[in-house]
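J.: Provided herewith: query-v8.pdb, PDB, C-alpha atoms.
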MODEL        1
ATOM      1  CA  MET K   1     -12.275   9.814 -20.890
ATOM      2  CA  TYR K   2     -11.688   6.072 -21.310
ATOM      3  CA  HIS K   3     -10.731   4.057 -18.226
ATOM      4  CA  PHE K   4      -8.611   0.885 -18.245
ATOM      5  CA  PHE K   5      -7.324  -1.547 -15.619
ATOM      6  CA  VAL K   6      -3.872  -3.120 -15.531
ATOM      7  CA  GLU K   7      -1.847  -5.330 -13.186
ATOM      8  CA  PRO K   8       0.625  -3.455 -10.934
ATOM      9  CA  GLY K   9       3.523  -5.110 -12.805
ATOM     10  CA  GLN K  10       2.462  -3.303 -15.982
ATOM     11  CA  VAL K  11       3.120   0.079 -14.365
ATOM     12  CA  HIS K  12       6.690   1.297 -14.869
ATOM     13  CA  ASP K  13       8.523   4.448 -13.814
ATOM     14  CA  ASN K  14       7.307   6.646 -16.656
ATOM     15  CA  TYR K  15       4.815   4.567 -18.595
ATOM     16  CA  VAL K  16       2.142   1.877 -18.407
ATOM     17  CA  GLU K  17       2.015  -1.128 -20.724
ATOM     18  CA  ILE K  18      -1.498  -2.285 -21.613
ATOM     19  CA  LEU K  19      -1.861  -5.928 -22.662
ATOM     20  CA  GLY K  20      -4.590  -8.467 -23.436
ATOM     21  CA  GLY K  21      -8.066  -7.821 -24.760
ATOM     22  CA  ASP K  22      -7.910  -4.079 -24.134
ATOM     23  CA  VAL K  23      -5.311  -3.733 -26.904
ATOM     24  CA  ASN K  24      -7.707  -4.910 -29.608
ATOM     25  CA  HIS K  25     -10.513  -2.824 -28.103
ATOM     26  CA  MET K  26      -8.390   0.327 -28.107
ATOM     27  CA  LYS K  27      -7.065  -0.178 -31.638
ATOM     28  CA  ASN K  28     -10.006  -1.612 -33.548
ATOM     29  CA  VAL K  29     -13.096  -0.529 -31.609
ATOM     30  CA  LEU K  30     -12.158   2.823 -30.094
ATOM     31  CA  ARG K  31      -9.753   3.611 -32.976
ATOM     32  CA  MET K  32      -7.389   5.314 -30.556
ATOM     33  CA  LYS K  33      -4.358   7.198 -31.827
ATOM     34  CA  PRO K  34      -1.122   8.366 -30.168
ATOM     35  CA  GLY K  35      -1.697  11.489 -28.119
ATOM     36  CA  GLU K  36      -5.097  10.522 -26.717
ATOM     37  CA  GLU K  37      -5.454  10.819 -22.946
ATOM     38  CA  ILE K  38      -6.753   7.891 -20.871
ATOM     39  CA  ILE K  39      -7.148   6.930 -17.211
ATOM     40  CA  ILE K  40      -5.524   3.724 -15.926
ATOM     41  CA  SER K  41      -6.086   2.009 -12.550
ATOM     42  CA  ASP K  42      -3.902  -0.723 -11.093
ATOM     43  CA  GLY K  43      -6.643  -2.251  -8.914
ATOM     44  CA  PHE K  44      -4.816  -1.293  -5.711
ATOM     45  CA  GLY K  45      -6.021   2.269  -5.235
ATOM     46  CA  HIS K  46      -3.653   3.988  -7.656
ATOM     47  CA  GLU K  47      -4.776   5.896 -10.733
ATOM     48  CA  TYR K  48      -2.737   7.304 -13.598
ATOM     49  CA  SER K  49      -3.518   9.985 -16.161
ATOM     50  CA  CYS K  50      -1.697   8.909 -19.323
ATOM     51  CA  ASN K  51      -1.136   9.779 -22.958
ATOM     52  CA  VAL K  52      -1.168   6.958 -25.468
ATOM     53  CA  SER K  53       2.267   6.987 -27.139
ATOM     54  CA  GLU K  54       2.493   3.734 -29.110
ATOM     55  CA  LEU K  55       0.102   1.024 -30.318
ATOM     56  CA  THR K  56       1.621  -2.259 -31.480
ATOM     57  CA  GLU K  57       0.072  -5.589 -32.423
ATOM     58  CA  ASP K  58      -0.031  -6.925 -28.862
ATOM     59  CA  SER K  59       0.470  -3.943 -26.539
ATOM     60  CA  VAL K  60      -0.226  -0.265 -25.999
ATOM     61  CA  ARG K  61       2.251   2.045 -24.310
ATOM     62  CA  ALA K  62       0.892   5.034 -22.390
ATOM     63  CA  GLU K  63       3.151   7.709 -20.895
ATOM     64  CA  ILE K  64       2.290   8.687 -17.310
ATOM     65  CA  LEU K  65       1.290  12.332 -16.895
ATOM     66  CA  GLU K  66       0.083  12.181 -13.292
ATOM     67  CA  ARG K  67      -0.075   9.609 -10.484
ATOM     68  CA  ARG K  68      -2.614   9.822  -7.687
ATOM     69  CA  GLY K  69      -4.196   7.773  -4.963
ATOM     70  CA  VAL K  70      -7.945   7.380  -5.235
ATOM     71  CA  SER K  71     -10.533   6.935  -2.491
ATOM     72  CA  VAL K  72     -13.635   5.975  -4.444
ATOM     73  CA  GLU K  73     -14.017   2.603  -2.721
ATOM     74  CA  LEU K  74     -16.334   2.066   0.226
ATOM     75  CA  PRO K  75     -14.550   1.782   3.587
ATOM     76  CA  SER K  76     -16.124  -1.654   4.155
ATOM     77  CA  ARG K  77     -16.029  -4.837   2.103
ATOM     78  CA  LEU K  78     -19.561  -5.717   0.939
ATOM     79  CA  VAL K  79     -20.043  -9.121  -0.694
ATOM     80  CA  LEU K  80     -23.316 -10.125  -2.335
ATOM     81  CA  PHE K  81     -24.167 -13.827  -2.106
ATOM     82  CA  GLN K  82     -26.852 -14.076  -4.800
ATOM     83  CA  CYS K  83     -28.870 -17.260  -5.310
ATOM     84  CA  LEU K  84     -29.044 -18.012  -9.016
ATOM     85  CA  PRO K  85     -31.958 -16.233 -10.727
ATOM     86  CA  LYS K  86     -33.640 -17.143 -14.004
ATOM     87  CA  GLY K  87     -32.700 -15.813 -17.420
ATOM     88  CA  ASP K  88     -30.176 -13.015 -17.665
ATOM     89  CA  LYS K  89     -31.111 -11.342 -14.363
ATOM     90  CA  MET K  90     -27.691 -12.145 -12.912
ATOM     91  CA  GLU K  91     -26.097  -9.868 -15.491
ATOM     92  CA  LEU K  92     -28.138  -6.919 -14.216
ATOM     93  CA  ILE K  93     -27.434  -7.852 -10.586
ATOM     94  CA  VAL K  94     -23.665  -8.021 -11.141
ATOM     95  CA  GLN K  95     -23.598  -4.748 -13.068
ATOM     96  CA  LYS K  96     -25.570  -2.776 -10.496
ATOM     97  CA  ALA K  97     -23.873  -4.390  -7.483
ATOM     98  CA  VAL K  98     -20.519  -3.220  -8.849
ATOM     99  CA  GLU K  99     -21.878   0.299  -9.392
ATOM    100  CA  LEU K 100     -23.122   0.345  -5.785
ATOM    101  CA  GLY K 101     -19.733  -0.586  -4.348
ATOM    102  CA  ALA K 102     -19.824  -4.355  -3.816
ATOM    103  CA  SER K 103     -16.358  -5.895  -3.570
ATOM    104  CA  ALA K 104     -17.477  -9.288  -4.888
ATOM    105  CA  VAL K 105     -20.519 -11.233  -6.054
ATOM    106  CA  VAL K 106     -20.886 -14.923  -5.183
ATOM    107  CA  PRO K 107     -23.452 -16.950  -7.180
ATOM    108  CA  VAL K 108     -25.194 -19.470  -4.896
ATOM    109  CA  ALA K 109     -27.181 -22.602  -5.771
ATOM    110  CA  SER K 110     -30.031 -23.015  -3.279
ATOM    111  CA  ARG K 111     -32.853 -25.588  -3.276
ATOM    112  CA  ARG K 112     -35.442 -23.436  -5.038
ATOM    113  CA  CYS K 113     -33.140 -22.157  -7.765
ATOM    114  CA  VAL K 114     -34.744 -22.938 -11.112
ATOM    115  CA  VAL K 115     -31.397 -22.603 -12.882
ATOM    116  CA  LYS K 116     -29.214 -25.702 -12.678
ATOM    117  CA  LEU K 117     -25.687 -25.293 -14.035
ATOM    118  CA  ASP K 118     -23.210 -28.067 -14.732
ATOM    119  CA  ALA K 119     -19.511 -27.324 -14.251
ATOM    120  CA  LYS K 120     -18.907 -26.219 -17.842
ATOM    121  CA  LYS K 121     -21.962 -23.949 -18.000
ATOM    122  CA  ALA K 122     -21.182 -22.480 -14.589
ATOM    123  CA  ASP K 123     -17.621 -21.683 -15.648
ATOM    124  CA  ASN K 124     -18.805 -19.959 -18.841
ATOM    125  CA  LYS K 125     -21.432 -17.978 -16.932
ATOM    126  CA  VAL K 126     -18.909 -16.804 -14.346
ATOM    127  CA  LYS K 127     -16.556 -15.642 -17.105
ATOM    128  CA  ARG K 128     -19.413 -13.680 -18.675
ATOM    129  CA  TRP K 129     -20.391 -12.151 -15.317
ATOM    130  CA  GLN K 130     -16.771 -11.228 -14.595
ATOM    131  CA  ALA K 131     -16.559  -9.375 -17.918
ATOM    132  CA  ILE K 132     -19.719  -7.465 -16.953
ATOM    133  CA  ALA K 133     -18.168  -6.625 -13.559
ATOM    134  CA  GLU K 134     -15.075  -5.255 -15.269
ATOM    135  CA  SER K 135     -17.131  -3.135 -17.658
ATOM    136  CA  ALA K 136     -19.248  -1.781 -14.783
ATOM    137  CA  ALA K 137     -16.117  -0.989 -12.767
ATOM    138  CA  LYS K 138     -14.738   1.047 -15.665
ATOM    139  CA  GLN K 139     -18.022   2.864 -16.223
ATOM    140  CA  SER K 140     -18.500   3.758 -12.556
ATOM    141  CA  GLY K 141     -14.896   4.805 -11.932
ATOM    142  CA  ARG K 142     -14.061   2.055  -9.452
ATOM    143  CA  ALA K 143     -10.448   1.755  -8.299
ATOM    144  CA  LEU K 144     -10.605  -2.054  -8.480
ATOM    145  CA  ILE K 145     -12.462  -4.725 -10.398
ATOM    146  CA  PRO K 146     -14.827  -6.666  -8.114
ATOM    147  CA  THR K 147     -14.602 -10.416  -8.492
ATOM    148  CA  VAL K 148     -17.384 -12.807  -9.438
ATOM    149  CA  GLU K 149     -16.594 -16.009  -7.576
ATOM    150  CA  PRO K 150     -17.330 -19.564  -8.783
ATOM    151  CA  VAL K 151     -20.832 -20.850  -8.046
ATOM    152  CA  MET K 152     -21.163 -22.120  -4.457
ATOM    153  CA  ASP K 153     -23.665 -24.543  -2.984
ATOM    154  CA  PHE K 154     -25.757 -23.181  -0.116
ATOM    155  CA  ALA K 155     -23.807 -24.885   2.663
ATOM    156  CA  SER K 156     -20.500 -23.551   1.314
ATOM    157  CA  ALA K 157     -21.967 -20.047   1.120
ATOM    158  CA  LEU K 158     -22.989 -20.183   4.786
ATOM    159  CA  LYS K 159     -19.530 -21.406   5.734
ATOM    160  CA  ALA K 160     -17.938 -18.539   3.793
ATOM    161  CA  MET K 161     -20.241 -15.975   5.405
ATOM    162  CA  LYS K 162     -19.169 -17.084   8.895
ATOM    163  CA  GLN K 163     -15.858 -15.336   8.188
ATOM    164  CA  PHE K 164     -17.542 -11.933   7.827
ATOM    165  CA  ASP K 165     -18.035  -9.418  10.628
ATOM    166  CA  LYS K 166     -21.732  -9.248   9.776
ATOM    167  CA  GLY K 167     -23.995 -11.519   7.754
ATOM    168  CA  LEU K 168     -27.416 -10.329   6.560
ATOM    169  CA  ILE K 169     -30.281 -12.228   4.985
ATOM    170  CA  PRO K 170     -33.225 -10.129   3.769
ATOM    171  CA  TYR K 171     -36.254 -12.363   4.291
ATOM    172  CA  GLU K 172     -39.884 -11.772   3.366
ATOM    173  CA  CYS K 173     -41.052 -13.487   6.573
ATOM    174  CA  ALA K 174     -38.648 -11.622   8.838
ATOM    175  CA  ASP K 175     -41.576 -10.115  10.750
ATOM    176  CA  GLU K 176     -42.441 -13.572  12.113
ATOM    177  CA  ILE K 177     -38.899 -13.961  13.425
ATOM    178  CA  LEU K 178     -38.038 -10.464  14.595
ATOM    179  CA  GLU K 179     -41.172  -8.846  16.001
ATOM    180  CA  ASP K 180     -41.550  -8.930  19.763
ATOM    181  CA  GLY K 181     -45.136  -8.437  20.849
ATOM    182  CA  GLN K 182     -44.184  -7.710  24.446
ATOM    183  CA  THR K 183     -41.785  -4.855  23.713
ATOM    184  CA  ARG K 184     -43.586  -3.767  20.530
ATOM    185  CA  VAL K 185     -40.282  -3.514  18.678
ATOM    186  CA  SER K 186     -41.069  -3.893  14.977
ATOM    187  CA  ALA K 187     -39.005  -5.899  12.512
ATOM    188  CA  MET K 188     -38.114  -2.669  10.731
ATOM    189  CA  ASP K 189     -36.909  -1.060  13.968
ATOM    190  CA  GLN K 190     -34.765  -4.107  14.686
ATOM    191  CA  THR K 191     -33.384  -4.024  11.162
ATOM    192  CA  ARG K 192     -32.520  -0.328  11.481
ATOM    193  CA  ALA K 193     -30.820  -0.995  14.819
ATOM    194  CA  LEU K 194     -28.771  -3.856  13.369
ATOM    195  CA  LEU K 195     -27.665  -1.905  10.294
ATOM    196  CA  SER K 196     -26.627   1.017  12.492
ATOM    197  CA  THR K 197     -24.064  -1.245  14.209
ATOM    198  CA  ILE K 198     -22.192  -1.875  10.945
ATOM    199  CA  GLU K 199     -18.993   0.156  11.068
ATOM    200  CA  ARG K 200     -16.522   1.320   8.458
ATOM    201  CA  GLY K 201     -13.800  -1.263   7.996
ATOM    202  CA  GLN K 202     -16.045  -4.243   8.693
ATOM    203  CA  THR K 203     -16.819  -7.010   6.219
ATOM    204  CA  VAL K 204     -20.471  -7.631   5.399
ATOM    205  CA  GLY K 205     -21.983 -10.599   3.575
ATOM    206  CA  ILE K 206     -25.494 -10.291   2.117
ATOM    207  CA  LEU K 207     -27.419 -13.435   1.175
ATOM    208  CA  ILE K 208     -30.293 -13.071  -1.302
ATOM    209  CA  GLY K 209     -32.681 -15.924  -2.133
ATOM    210  CA  PRO K 210     -33.913 -16.922  -5.614
ATOM    211  CA  GLU K 211     -37.288 -16.150  -7.202
ATOM    212  CA  GLY K 212     -39.061 -18.776  -5.107
ATOM    213  CA  GLY K 213     -37.430 -17.567  -1.926
ATOM    214  CA  LEU K 214     -35.392 -19.560   0.531
ATOM    215  CA  GLU K 215     -36.858 -22.579   2.298
ATOM    216  CA  LYS K 216     -37.490 -22.140   6.010
ATOM    217  CA  SER K 217     -34.875 -24.790   6.730
ATOM    218  CA  GLU K 218     -32.322 -22.758   4.757
ATOM    219  CA  VAL K 219     -33.165 -19.615   6.709
ATOM    220  CA  ALA K 220     -32.877 -21.590   9.947
ATOM    221  CA  ALA K 221     -29.459 -22.897   8.855
ATOM    222  CA  ALA K 222     -28.364 -19.343   8.029
ATOM    223  CA  MET K 223     -29.429 -18.136  11.472
ATOM    224  CA  GLU K 224     -27.549 -21.016  13.099
ATOM    225  CA  ALA K 225     -24.482 -19.807  11.176
ATOM    226  CA  GLY K 226     -24.871 -16.378  12.793
ATOM    227  CA  ILE K 227     -26.480 -14.632   9.831
ATOM    228  CA  HIS K 228     -29.084 -12.048  10.780
ATOM    229  CA  PRO K 229     -32.533 -11.990   9.125
ATOM    230  CA  ILE K 230     -33.664  -8.482   8.218
ATOM    231  CA  THR K 231     -36.692  -6.911   6.577
ATOM    232  CA  LEU K 232     -36.647  -4.557   3.594
ATOM    233  CA  GLY K 233     -40.145  -3.268   4.210
ATOM    234  CA  LYS K 234     -43.730  -4.352   3.728
ATOM    235  CA  ARG K 235     -43.426  -4.949   0.011
ATOM    236  CA  ILE K 236     -42.036  -8.168  -1.434
ATOM    237  CA  LEU K 237     -39.043  -7.381  -3.635
ATOM    238  CA  ARG K 238     -37.869  -9.432  -6.593
ATOM    239  CA  THR K 239     -34.568 -11.246  -6.224
ATOM    240  CA  GLU K 240     -32.902  -8.796  -8.620
ATOM    241  CA  THR K 241     -34.152  -5.875  -6.483
ATOM    242  CA  ALA K 242     -33.525  -7.073  -2.924
ATOM    243  CA  GLY K 243     -29.737  -7.179  -3.047
ATOM    244  CA  LEU K 244     -29.485  -3.817  -4.770
ATOM    245  CA  CYS K 245     -31.816  -2.336  -2.163
ATOM    246  CA  ILE K 246     -29.680  -3.335   0.826
ATOM    247  CA  LEU K 247     -26.455  -2.438  -1.004
ATOM    248  CA  SER K 248     -27.881   1.047  -1.601
ATOM    249  CA  VAL K 249     -28.739   1.436   2.080
ATOM    250  CA  LEU K 250     -25.270   0.320   3.179
ATOM    251  CA  MET K 251     -23.535   2.489   0.579
ATOM    252  CA  PHE K 252     -25.380   5.556   1.853
ATOM    253  CA  GLN K 253     -24.609   4.644   5.465
ATOM    254  CA  LEU K 254     -20.904   3.850   4.981
ATOM    255  CA  GLU K 255     -19.876   6.344   2.309
ATOM    256  CA  VAL K 256     -17.262   8.764   3.607
TER     257      VAL K 256
ENDMDL
END
If you took the structure in this file and wrote it as structure tokens, what would it be?

T.:
Amino acid sequence: MYHFFVEPGQVHDNYVEILGGDVNHMKNVLRMKPGEEIIISDGFGHEYSCNVSELTEDSVRAEILERRGVSVELPSRLVLFQCLPKGDKMELIVQKAVELGASAVVPVASRRCVVKLDAKKADNKVKRWQAIAESAAKQSGRALIPTVEPVMDFASALKAMKQFDKGLIPYECADEILEDGQTRVSAMDQTRALLSTIERGQTVGILIGPEGGLEKSEVAAAMEAGIHPITLGKRILRTETAGLCILSVLMFQLEV
């Protein structure tokens, strides 16, 4: 069954009015006709089973058959701060992050990012990534559309992450920082202990470096900002894998 998102103001007592780009998609791509059943979400945890009743040039009217609250969202807000990768990797990252329950994705420009975007290119990229987030939200049955924020510089990303209950930075050299030879507590044990303290209802920011990794000075700055370095194991993960790995772990841990 097809799934669409609307603003709360488009939901009326007995019907929902669909506007914008979805109208053309429903009429000319999906070839929908009156009587077809669809699912509509308002982005605030409410879902509606509807029957399409009228298709006009600039709107679609759908009669409400059933209203219900939905609880498909994770009980914590997870935000992925992803340093800009090469090529179209960001499209994959956004798509899969949305499927795994991320509330937002923040593109970050760090020193070793190969990709350099001017304001116009960055704006166009963010629009493209937001469209991918919306499509992934529909496909995975999310109750809201996660946002893709404008590109941030590294310092701004650290400042934003200070507002979160927990900040995490998967780092390939975490062993050098975390391991304690005297107590024989491994980096993995410390990572497990830290992740176990994350509770439902908390906000969590996850900072992932680019292909070339983060510079040591950037990691040091992140730690000074209260962000915790963690390890994801003995294997070095690609930038498009690392964020999805930790999101998967947190999803499994927090899912109700």

J.: Can you report as JSON the centre and edge lengths in Å, to one decimal, of an axis-aligned box around the listed atoms of stretch 9-17 of chain K padded with 8 Å on each side?

T.:
{"center_x": 5.3, "center_y": 0.8, "center_z": -16.8, "size_x": 22.5, "size_y": 27.8, "size_z": 23.9}

J.: Mind telling me what the PyMOL selection byres ((chain K and resi 175) around 9) catches here, as number ranges by chain?

T.: K: 171-174, 176-179, 186-188, 230-231

J.: Nearest to K:Ser53: which of K:Leu30, K:Ile18, K:Val70, K:Val151 is it, counting all atoms listed in the file?

T.: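 Smallest separation from K:Ser53 among the options: K:Ile18.
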
J.: Using all atoms listed in the file, collect all residues at a distance of at most 10 Å from (-24.1, -5.3, -7.0) as written in the file, then present them as a VMD selection string.

T.: chain K and resid 78 to 82 90 to 105 133 136 146 240 243 to 248

J.: Between atom CA of K:Tyr2 and atom CA of K:Ile145, what is the spacing in Å?

T.: 15.4 Å

J.: Given the PyMOL selection byres ((chain K and resi 110) around 8) and the file above, list the residues it selects as a ChimeraX atom specification.

T.: /K:83-84,108-109,111-113,153-154,209-210,214

J.: Take the residues from that selection and write them out as a short mmCIF file (atom, residue, chain, number, x, y, z; two decimals), in the frame of the given file, keeping C-alpha atoms.

T.:
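New file result_15.cif:
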data_model
loop_
_atom_site.label_atom_id
_atom_site.label_comp_id
_atom_site.auth_asym_id
_atom_site.auth_seq_id
_atom_site.Cartn_x
_atom_site.Cartn_y
_atom_site.Cartn_z
CA CYS K 83 -28.87 -17.26 -5.31
CA LEU K 84 -29.04 -18.01 -9.02
CA VAL K 108 -25.19 -19.47 -4.90
CA ALA K 109 -27.18 -22.60 -5.77
CA ARG K 111 -32.85 -25.59 -3.28
CA ARG K 112 -35.44 -23.44 -5.04
CA CYS K 113 -33.14 -22.16 -7.76
CA ASP K 153 -23.66 -24.54 -2.98
CA PHE K 154 -25.76 -23.18 -0.12
CA GLY K 209 -32.68 -15.92 -2.13
CA PRO K 210 -33.91 -16.92 -5.61
CA LEU K 214 -35.39 -19.56 0.53
#

J.: Could you list, as a list in words, every residue matched by the PyMOL selection byres ((chain K and resi 165) around 6) in this structure?

T.: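 Applied to this file, the PyMOL selection byres ((chain K and resi 165) around 6) returns Phe164, Lys166, Gln202 and Thr203 of chain K.
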
J.: Find the residues around stretch 125-127 of chain K up to 10 Å (only C-alpha atoms counted), leave out those fewer than 4 positions away in its own chain, and share them as a PyMOL selection string.

T.: chain K and resi 90-91+106-107+117+119-121+131-133+147-151

J.: Next, write the just-selected residues to a file, as a PDB file, keeping the file's coordinate frame, keeping C-alpha atoms as the atom set.

T.:
ATOM      1  CA  MET K  90     -27.691 -12.145 -12.912  1.00  0.00           C
ATOM      2  CA  GLU K  91     -26.097  -9.868 -15.491  1.00  0.00           C
ATOM      3  CA  VAL K 106     -20.886 -14.923  -5.183  1.00  0.00           C
ATOM      4  CA  PRO K 107     -23.452 -16.950  -7.180  1.00  0.00           C
ATOM      5  CA  LEU K 117     -25.687 -25.293 -14.035  1.00  0.00           C
ATOM      6  CA  ALA K 119     -19.511 -27.324 -14.251  1.00  0.00           C
ATOM      7  CA  LYS K 120     -18.907 -26.219 -17.842  1.00  0.00           C
ATOM      8  CA  LYS K 121     -21.962 -23.949 -18.000  1.00  0.00           C
ATOM      9  CA  ALA K 131     -16.559  -9.375 -17.918  1.00  0.00           C
ATOM     10  CA  ILE K 132     -19.719  -7.465 -16.953  1.00  0.00           C
ATOM     11  CA  ALA K 133     -18.168  -6.625 -13.559  1.00  0.00           C
ATOM     12  CA  THR K 147     -14.602 -10.416  -8.492  1.00  0.00           C
ATOM     13  CA  VAL K 148     -17.384 -12.807  -9.438  1.00  0.00           C
ATOM     14  CA  GLU K 149     -16.594 -16.009  -7.576  1.00  0.00           C
ATOM     15  CA  PRO K 150     -17.330 -19.564  -8.783  1.00  0.00           C
ATOM     16  CA  VAL K 151     -20.832 -20.850  -8.046  1.00  0.00           C
TER      17      VAL K 151
END

J.: Atom CA of K:Met32 to atom CA of K:Leu65: how many Å, to one decimal?

T.: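 If I compute the distance from atom CA of K:Met32 to atom CA of K:Leu65, I get 17.6 Å.
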
J.: So what do you get for atom CA of K:Gly87 versus atom CA of K:Val115, distance-wise?

T.: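 Going from atom CA of K:Gly87 over to atom CA of K:Val115 covers 8.3 Å.
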
J.: Counting all atoms listed in the file, which residue out of K:Pro34, K:Trp129, K:Thr56, K:Asp42 sits closest to K:Lys89?

T.: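 Counting all atoms listed in the file, the residue closest to K:Lys89 is K:Trp129.
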
J.: Find, counting only C-alpha atoms, the residue in K:Lys234, K:His12, K:His46, K:Lys27 that gets nearest to K:Glu73.

T.: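 Looking at the shortest contact to K:Glu73, the residue is K:His46.
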
J.: Find the residues around K:Leu168 up to 7 Å (all atoms listed in the file counted), leave out those fewer than 2 positions away in its own chain, and share them as a short mmCIF file (atom, residue, chain, number, x, y, z; two decimals) with C-alpha atoms, keeping the file's coordinate frame.

T.:
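Output file result.cif is given in full below:
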data_model
loop_
_atom_site.label_atom_id
_atom_site.label_comp_id
_atom_site.auth_asym_id
_atom_site.auth_seq_id
_atom_site.Cartn_x
_atom_site.Cartn_y
_atom_site.Cartn_z
CA LYS K 166 -21.73 -9.25 9.78
CA PRO K 170 -33.22 -10.13 3.77
CA GLY K 205 -21.98 -10.60 3.58
CA ILE K 206 -25.49 -10.29 2.12
CA LEU K 207 -27.42 -13.44 1.18
CA ILE K 227 -26.48 -14.63 9.83
CA HIS K 228 -29.08 -12.05 10.78
CA PRO K 229 -32.53 -11.99 9.12
CA ILE K 230 -33.66 -8.48 8.22
#

J.: Which residue gives the smallest distance to K:Phe4 among K:Arg61, K:Arg77, K:Lys33, K:Lys138, with all atoms listed in the file counted?

T.: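 Smallest distance to K:Phe4 is found for K:Lys138.
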
J.: Would you fill the gaps in stretch 108-114 of chain K so it has all heavy atoms, then print it as a compact mmCIF listing (two decimals), in the coordinates of the input?

T.:
# COMPACT_ATOMS: atom_id res chain seq x y z
N VAL K 108 -24.90 -18.39 -5.84
CA VAL K 108 -25.19 -19.47 -4.90
C VAL K 108 -26.32 -20.34 -5.45
O VAL K 108 -27.32 -19.83 -5.97
CB VAL K 108 -25.61 -18.90 -3.52
CG1 VAL K 108 -25.95 -20.03 -2.55
CG2 VAL K 108 -24.50 -18.02 -2.95
N ALA K 109 -26.15 -21.65 -5.34
CA ALA K 109 -27.18 -22.60 -5.77
C ALA K 109 -27.95 -23.07 -4.53
O ALA K 109 -27.42 -23.82 -3.71
CB ALA K 109 -26.54 -23.79 -6.48
N SER K 110 -29.19 -22.59 -4.39
CA SER K 110 -30.03 -23.02 -3.28
C SER K 110 -31.10 -23.98 -3.80
O SER K 110 -31.20 -24.23 -5.00
CB SER K 110 -30.68 -21.80 -2.61
OG SER K 110 -31.55 -21.14 -3.51
N ARG K 111 -31.91 -24.53 -2.90
CA ARG K 111 -32.85 -25.59 -3.28
C ARG K 111 -33.89 -25.12 -4.29
O ARG K 111 -34.28 -25.86 -5.18
CB ARG K 111 -33.56 -26.13 -2.03
CG ARG K 111 -32.64 -26.90 -1.08
CD ARG K 111 -33.43 -27.67 -0.05
NE ARG K 111 -32.55 -28.25 0.95
CZ ARG K 111 -32.32 -27.73 2.14
NH1 ARG K 111 -32.92 -26.61 2.49
NH2 ARG K 111 -31.50 -28.33 2.98
N ARG K 112 -34.37 -23.90 -4.17
CA ARG K 112 -35.44 -23.44 -5.04
C ARG K 112 -34.95 -22.72 -6.30
O ARG K 112 -35.75 -22.16 -7.02
CB ARG K 112 -36.37 -22.51 -4.25
CG ARG K 112 -37.21 -23.24 -3.20
CD ARG K 112 -38.12 -22.28 -2.46
NE ARG K 112 -38.95 -22.96 -1.48
CZ ARG K 112 -39.70 -22.34 -0.58
NH1 ARG K 112 -39.73 -21.01 -0.54
NH2 ARG K 112 -40.43 -23.03 0.28
N CYS K 113 -33.66 -22.74 -6.53
CA CYS K 113 -33.14 -22.16 -7.76
C CYS K 113 -33.64 -22.95 -8.96
O CYS K 113 -33.47 -24.18 -9.02
CB CYS K 113 -31.61 -22.15 -7.76
SG CYS K 113 -30.86 -20.93 -6.67
N VAL K 114 -34.26 -22.27 -9.90
CA VAL K 114 -34.74 -22.94 -11.11
C VAL K 114 -33.56 -23.29 -12.01
O VAL K 114 -33.54 -24.33 -12.67
CB VAL K 114 -35.74 -22.03 -11.86
CG1 VAL K 114 -36.14 -22.64 -13.19
CG2 VAL K 114 -36.97 -21.76 -10.99
